[in-house]
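Beneath this line is the structure, given in structure tokens, with notes to follow.
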Amino acid sequence: MLLDTASLYYRAYFGVPDSVKAPDGTPVNAVRGLLDFISRLVQDHRPDDLVACMDADWRPHWRVELIPSYKAHRVERENGSGPDVEDTPDTLAPQVPVIEAALDAFGIARVGVAGYEADDVIGTLTARATGPVDIVTGDRDLYQLVDDARRRRVLYPLKGVGTLQLTDEAWLRGKYGVDGSGYADLALLRGDPSDGLPGVPGIGEKTAAKLLDAYGDLAGIMAAVDDPGSALTPAQRRRLDESRPYLAVAPKVVQVASDVPLPPFDPALPAAPAHPELVDALARRWGLTGAVARLSGALHA
């Protein structure tokens, strides 16, 4: 089980009231929410391995070089010597180090790699896995990793993590008309304002799905652009032709990496907190006794 950690703690932050605070008044709603998410996931799914995948760089420079608008609207401050600073709610940013400390104290593997997003860590671990993989994320970009033959699916939270949308190829085909391998092409054709991807003007989700159904993939669509006898409408041909510079680089931006140089780590789900004294100290310091007890209990079960 691979956790898109930032996606989940953002959901926890907005889903758990900010009245949940430490004894000193510091909000800890994202921390408590994430720990409870993990407790429920462990309780319901009992994965052999559990990895909290982290955004060491939420907006990698190599993606921005290809598409400068990539996540540009979410930049609070550019940083020439490292990752840009993301526009994050004031009361969420201080909770991230607490989340990291809690994961480490429990012994839950936490993996991030400089220059890469959590999506890329997830893509690499998924590519390496020899058994089934469940990816827990609120980010639809990771639908591209769904693969029934290799037993890769996405668990998409609909309400907390108690109600999860089990995303397999049948669900993707019913919703978008593509399978996992076609989702990245669909996304780059239609664009994604939340990620600053412009897409092809005039090509929405339904049109993109029809084009992929007719021509297979992006390469097939561009071959149809060059084929005067293809069934593309004049407007589609013109728009796709004019978008060649974008379409030449968009696949590298949209597709998650599968070759991230990962550090050594132990992915095994711990049977008990690795550092119980640190867990106890965190519970007291941040007023997380209940959440810590629930996660400890889920690990012991």
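Convention: chains lettered A, B, ... in structure tokens order; per-chain residue numbering from 1; ligands numbered from 1 as shown.
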
DSSP-assigned strand (DSSP E) among range 105-271 of chain A, expressed as a list in words:
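Checking each residue of range 105-271 of chain A, the strand (DSSP E) ones are Ala109, Arg110, Val111, Val133, Asp134, Ile135, Val136, Arg152, Arg153, Val154, Leu155, Tyr156, Pro157, Leu158, Lys159, Thr163, Leu164, Gln165, Leu166 and Thr167 of chain A.
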
Can you write just those residues out, N, CA and C atoms, as an mmCIF file, in the first residue's frame?
data_model
loop_
_atom_site.group_PDB
_atom_site.id
_atom_site.type_symbol
_atom_site.label_atom_id
_atom_site.label_comp_id
_atom_site.auth_asym_id
_atom_site.auth_seq_id
_atom_site.Cartn_x
_atom_site.Cartn_y
_atom_site.Cartn_z
ATOM 1 N N ALA A 109 7.429 3.446 6.956
ATOM 2 C CA ALA A 109 8.409 3.935 5.983
ATOM 3 C C ALA A 109 7.942 5.243 5.361
ATOM 4 N N ARG A 110 8.848 6.205 5.310
ATOM 5 C CA ARG A 110 8.561 7.527 4.752
ATOM 6 C C ARG A 110 9.634 7.804 3.710
ATOM 7 N N VAL A 111 9.209 7.927 2.435
ATOM 8 C CA VAL A 111 10.171 8.017 1.342
ATOM 9 C C VAL A 111 9.894 9.226 0.464
ATOM 10 N N VAL A 133 -0.620 -3.959 -5.755
ATOM 11 C CA VAL A 133 -0.349 -2.640 -5.185
ATOM 12 C C VAL A 133 -1.656 -1.862 -5.064
ATOM 13 N N ASP A 134 -1.891 -1.303 -3.884
ATOM 14 C CA ASP A 134 -2.984 -0.350 -3.673
ATOM 15 C C ASP A 134 -2.369 1.029 -3.461
ATOM 16 N N ILE A 135 -2.784 1.997 -4.276
ATOM 17 C CA ILE A 135 -2.316 3.378 -4.173
ATOM 18 C C ILE A 135 -3.448 4.192 -3.574
ATOM 19 N N VAL A 136 -3.201 4.824 -2.434
ATOM 20 C CA VAL A 136 -4.236 5.612 -1.762
ATOM 21 C C VAL A 136 -3.954 7.079 -2.026
ATOM 22 N N ARG A 152 -2.738 -3.575 -10.028
ATOM 23 C CA ARG A 152 -2.502 -2.221 -9.528
ATOM 24 C C ARG A 152 -3.822 -1.464 -9.551
ATOM 25 N N ARG A 153 -4.235 -0.947 -8.427
ATOM 26 C CA ARG A 153 -5.477 -0.180 -8.381
ATOM 27 C C ARG A 153 -5.278 1.062 -7.504
ATOM 28 N N VAL A 154 -6.162 2.021 -7.671
ATOM 29 C CA VAL A 154 -6.156 3.240 -6.866
ATOM 30 C C VAL A 154 -7.345 3.212 -5.925
ATOM 31 N N LEU A 155 -7.092 3.506 -4.664
ATOM 32 C CA LEU A 155 -8.148 3.677 -3.668
ATOM 33 C C LEU A 155 -8.310 5.181 -3.472
ATOM 34 N N TYR A 156 -9.421 5.714 -3.979
ATOM 35 C CA TYR A 156 -9.645 7.163 -3.990
ATOM 36 C C TYR A 156 -10.642 7.516 -2.904
ATOM 37 N N PRO A 157 -10.239 8.293 -1.899
ATOM 38 C CA PRO A 157 -11.152 8.606 -0.792
ATOM 39 C C PRO A 157 -12.328 9.475 -1.247
ATOM 40 N N LEU A 158 -13.526 9.021 -0.957
ATOM 41 C CA LEU A 158 -14.727 9.798 -1.246
ATOM 42 C C LEU A 158 -15.209 10.537 -0.005
ATOM 43 N N LYS A 159 -15.089 9.876 1.142
ATOM 44 C CA LYS A 159 -15.464 10.483 2.415
ATOM 45 C C LYS A 159 -14.537 9.891 3.465
ATOM 46 N N THR A 163 -14.881 5.429 3.095
ATOM 47 C CA THR A 163 -15.534 5.170 1.810
ATOM 48 C C THR A 163 -14.522 5.429 0.715
ATOM 49 N N LEU A 164 -14.049 4.355 0.118
ATOM 50 C CA LEU A 164 -13.024 4.450 -0.918
ATOM 51 C C LEU A 164 -13.592 3.993 -2.255
ATOM 52 N N GLN A 165 -13.279 4.748 -3.292
ATOM 53 C CA GLN A 165 -13.618 4.333 -4.649
ATOM 54 C C GLN A 165 -12.512 3.397 -5.128
ATOM 55 N N LEU A 166 -12.831 2.140 -5.365
ATOM 56 C CA LEU A 166 -11.854 1.172 -5.843
ATOM 57 C C LEU A 166 -11.726 1.330 -7.357
ATOM 58 N N THR A 167 -10.664 1.967 -7.764
ATOM 59 C CA THR A 167 -10.498 2.331 -9.173
ATOM 60 C C THR A 167 -9.693 1.270 -9.897
#

Residues near range 201-216 of chain A, cut-off 9 Å, only C-alpha atoms, skip fewer than 5 positions along chain, as an MDAnalysis selection string
chainID A and resid 176:178 182 185:187 189:191 221:224 232 235:236 239:240 243

Wanna dump the range 23-78 of chain A-range 288-292 of chain A contacts at 9 Å for me, each residue with its shortest atom pair and the distance in Å to one decimal, counting only C-alpha atoms, ordered by chain and number, as CSV?
residue,atom,partner,partner_atom,distance
A:Val28,CA,A:Leu288,CA,8.3
A:Val31,CA,A:Leu288,CA,8.4
A:Arg32,CA,A:Ala291,CA,5.9
A:Gly33,CA,A:Ala291,CA,8.2
A:Leu35,CA,A:Ala291,CA,6.1
A:Asp36,CA,A:Ala291,CA,6.0
A:Ser39,CA,A:Ala291,CA,8.3

Can I get the selected residues back with all heavy atoms, as a CSV table (one decimal), in the first residue's frame?
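Below is the file part-v8.csv, written as the result:
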chain,number,residue,atom,x,y,z
A,28,VAL,N,-3.8,20.7,15.3
A,28,VAL,CA,-3.2,19.4,14.9
A,28,VAL,C,-4.2,18.5,14.2
A,28,VAL,O,-4.2,17.3,14.2
A,28,VAL,CB,-2.6,18.6,16.1
A,28,VAL,CG1,-1.4,19.3,16.7
A,28,VAL,CG2,-3.7,18.5,17.2
A,31,VAL,N,-2.7,16.3,11.5
A,31,VAL,CA,-2.0,15.2,12.1
A,31,VAL,C,-2.9,14.1,12.5
A,31,VAL,O,-2.8,12.9,12.2
A,31,VAL,CB,-1.1,15.7,13.3
A,31,VAL,CG1,-0.2,14.5,13.7
A,31,VAL,CG2,-0.2,16.8,12.9
A,32,ARG,N,-3.9,14.5,13.3
A,32,ARG,CA,-4.9,13.5,13.8
A,32,ARG,C,-5.6,12.8,12.7
A,32,ARG,O,-5.8,11.6,12.7
A,32,ARG,CB,-5.9,14.1,14.8
A,32,ARG,CG,-6.6,13.1,15.6
A,32,ARG,CD,-7.7,13.6,16.5
A,32,ARG,NE,-8.9,13.9,15.7
A,32,ARG,CZ,-10.1,14.3,16.2
A,32,ARG,NH1,-10.1,14.6,17.5
A,32,ARG,NH2,-11.1,14.5,15.4
A,33,GLY,N,-6.0,13.6,11.7
A,33,GLY,CA,-6.8,13.1,10.6
A,33,GLY,C,-6.0,12.1,9.8
A,33,GLY,O,-6.5,11.0,9.5
A,35,LEU,N,-3.3,10.3,10.9
A,35,LEU,CA,-3.1,9.1,11.7
A,35,LEU,C,-4.4,8.2,11.7
A,35,LEU,O,-4.3,7.0,11.7
A,35,LEU,CB,-2.7,9.5,13.1
A,35,LEU,CG,-1.4,10.1,13.3
A,35,LEU,CD1,-1.1,10.5,14.7
A,35,LEU,CD2,-0.2,9.3,12.7
A,36,ASP,N,-5.5,8.8,11.8
A,36,ASP,CA,-6.8,8.1,11.8
A,36,ASP,C,-7.0,7.5,10.4
A,36,ASP,O,-7.6,6.3,10.3
A,36,ASP,CB,-8.0,9.0,12.2
A,36,ASP,CG,-8.0,9.2,13.7
A,36,ASP,OD1,-7.4,8.4,14.4
A,36,ASP,OD2,-8.8,10.1,14.1
A,39,SER,N,-4.8,4.4,10.4
A,39,SER,CA,-5.4,3.4,11.2
A,39,SER,C,-6.5,2.6,10.5
A,39,SER,O,-6.6,1.4,10.5
A,39,SER,CB,-6.0,4.0,12.5
A,39,SER,OG,-5.0,4.6,13.3

So that I can check the surroundings of Ser194 in chain A, please list as a ChimeraX atom specification every protein, DNA and RNA residue that reaches within 10 Å of it, counting only C-alpha atoms and ignoring chain neighbours fewer than 2 positions away.
/A:70-74,191-192,196-197

According to DSSP computed on the backbone, where in range 52-197 of chain A is there helix (DSSP H, G or I)? Give the residues as a PyMOL selection string.
chain A and resi 61-66+72-74+95-106+118-128+140-145+169-176+180-190+193-195

Just want the 7 Å neighbourhood of Asp57 in chain A, counted on only C-alpha atoms, with same-chain residues fewer than 6 positions away dropped. Output as a list in words.
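Surrounding residues, per the criterion: Pro83, Ala114, Gly115, Tyr116 and Glu117 of chain A.
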
Those residues you just picked out, can you put them in a file as a PDB file, in the first residue's frame with C-alpha atoms?
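Heads up, here's the output in out16.pdb:
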ATOM      1  CA  PRO A  83      12.090  23.706  -4.228  1.00  0.00           C
ATOM      2  CA  ALA A 114      15.038  15.362  -3.951  1.00  0.00           C
ATOM      3  CA  GLY A 115      13.819  16.621  -7.311  1.00  0.00           C
ATOM      4  CA  TYR A 116      10.754  14.381  -7.421  1.00  0.00           C
ATOM      5  CA  GLU A 117       7.132  14.429  -6.359  1.00  0.00           C
TER       6      GLU A 117
END

Skipping near chain neighbours, those fewer than 6 positions away, what residues fall within 7 Å of Glu76 in chain A using only C-alpha atoms, listed as number ranges by chain?
A: 85-87

Distance in Å - CA of Ser296 in chain A versus CA of Leu269 in chain A
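Separation between CA of Ser296 in chain A and CA of Leu269 in chain A: 11.8 Å.
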
Measuring between only C-alpha atoms, which one of A:Ser7, A:Ser69, A:Gln95, A:Asn79 shows the shortest distance to Ala30 in chain A?
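Using only C-alpha atoms, Ala30 in chain A sits closest to A:Gln95.
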
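Straight-line separation from CA of Ser19 in chain A to CA of Arg77 in chain A: 28.6 Å.
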
Please report, as JSON lines, each residue of range 223-266 of chain A lying at most 9 Å from range 122-132 of chain A, together with the nearest pair of atoms and the separation in Å rounded to one decimal; use only C-alpha atoms, and order rows by chain and ascending residue number.
{"residue": "A:Val256", "atom": "CA", "partner": "A:Gly123", "partner_atom": "CA", "distance": 5.7}
{"residue": "A:Ala257", "atom": "CA", "partner": "A:Gly123", "partner_atom": "CA", "distance": 5.8}
{"residue": "A:Ser258", "atom": "CA", "partner": "A:Thr124", "partner_atom": "CA", "distance": 3.9}
{"residue": "A:Asp259", "atom": "CA", "partner": "A:Thr124", "partner_atom": "CA", "distance": 5.5}
{"residue": "A:Val260", "atom": "CA", "partner": "A:Thr124", "partner_atom": "CA", "distance": 6.0}
{"residue": "A:Pro261", "atom": "CA", "partner": "A:Thr124", "partner_atom": "CA", "distance": 8.6}
{"residue": "A:Leu262", "atom": "CA", "partner": "A:Thr124", "partner_atom": "CA", "distance": 8.3}

Go ahead and write the selection's residues with all heavy atoms as a tab-separated table (two decimals), in the first residue's frame.
chain	number	residue	atom	x	y	z
A	256	VAL	N	4.06	9.89	-14.58
A	256	VAL	CA	4.88	9.77	-13.38
A	256	VAL	C	6.16	9.01	-13.72
A	256	VAL	O	6.17	8.14	-14.60
A	256	VAL	CB	4.12	9.08	-12.24
A	256	VAL	CG1	2.87	9.86	-11.87
A	256	VAL	CG2	3.77	7.64	-12.59
A	257	ALA	N	7.23	9.36	-13.03
A	257	ALA	CA	8.50	8.69	-13.26
A	257	ALA	C	8.44	7.27	-12.71
A	257	ALA	O	7.71	6.97	-11.77
A	257	ALA	CB	9.63	9.47	-12.59
A	258	SER	N	9.23	6.41	-13.32
A	258	SER	CA	9.29	5.02	-12.84
A	258	SER	C	10.72	4.60	-12.52
A	258	SER	O	10.99	3.43	-12.27
A	258	SER	CB	8.72	4.07	-13.90
A	258	SER	OG	9.44	4.17	-15.12
A	259	ASP	N	11.63	5.58	-12.51
A	259	ASP	CA	13.05	5.27	-12.33
A	259	ASP	C	13.72	6.17	-11.30
A	259	ASP	O	14.89	6.49	-11.41
A	259	ASP	CB	13.77	5.38	-13.67
A	259	ASP	CG	13.61	6.77	-14.32
A	259	ASP	OD1	12.84	7.60	-13.77
A	259	ASP	OD2	14.25	7.02	-15.36
A	260	VAL	N	12.95	6.59	-10.29
A	260	VAL	CA	13.50	7.46	-9.25
A	260	VAL	C	14.55	6.68	-8.43
A	260	VAL	O	14.30	5.53	-8.05
A	260	VAL	CB	12.38	7.97	-8.33
A	260	VAL	CG1	12.95	8.76	-7.16
A	260	VAL	CG2	11.39	8.81	-9.12
A	261	PRO	N	15.72	7.28	-8.17
A	261	PRO	CA	16.73	6.60	-7.35
A	261	PRO	C	16.33	6.61	-5.87
A	261	PRO	O	16.58	7.57	-5.15
A	261	PRO	CB	18.00	7.43	-7.59
A	261	PRO	CG	17.49	8.80	-7.94
A	261	PRO	CD	16.19	8.59	-8.66
A	262	LEU	N	15.69	5.55	-5.43
A	262	LEU	CA	15.16	5.49	-4.07
A	262	LEU	C	16.24	5.11	-3.06
A	262	LEU	O	17.10	4.29	-3.35
A	262	LEU	CB	14.02	4.47	-4.00
A	262	LEU	CG	12.83	4.70	-4.93
A	262	LEU	CD1	11.84	3.56	-4.78
A	262	LEU	CD2	12.15	6.03	-4.64
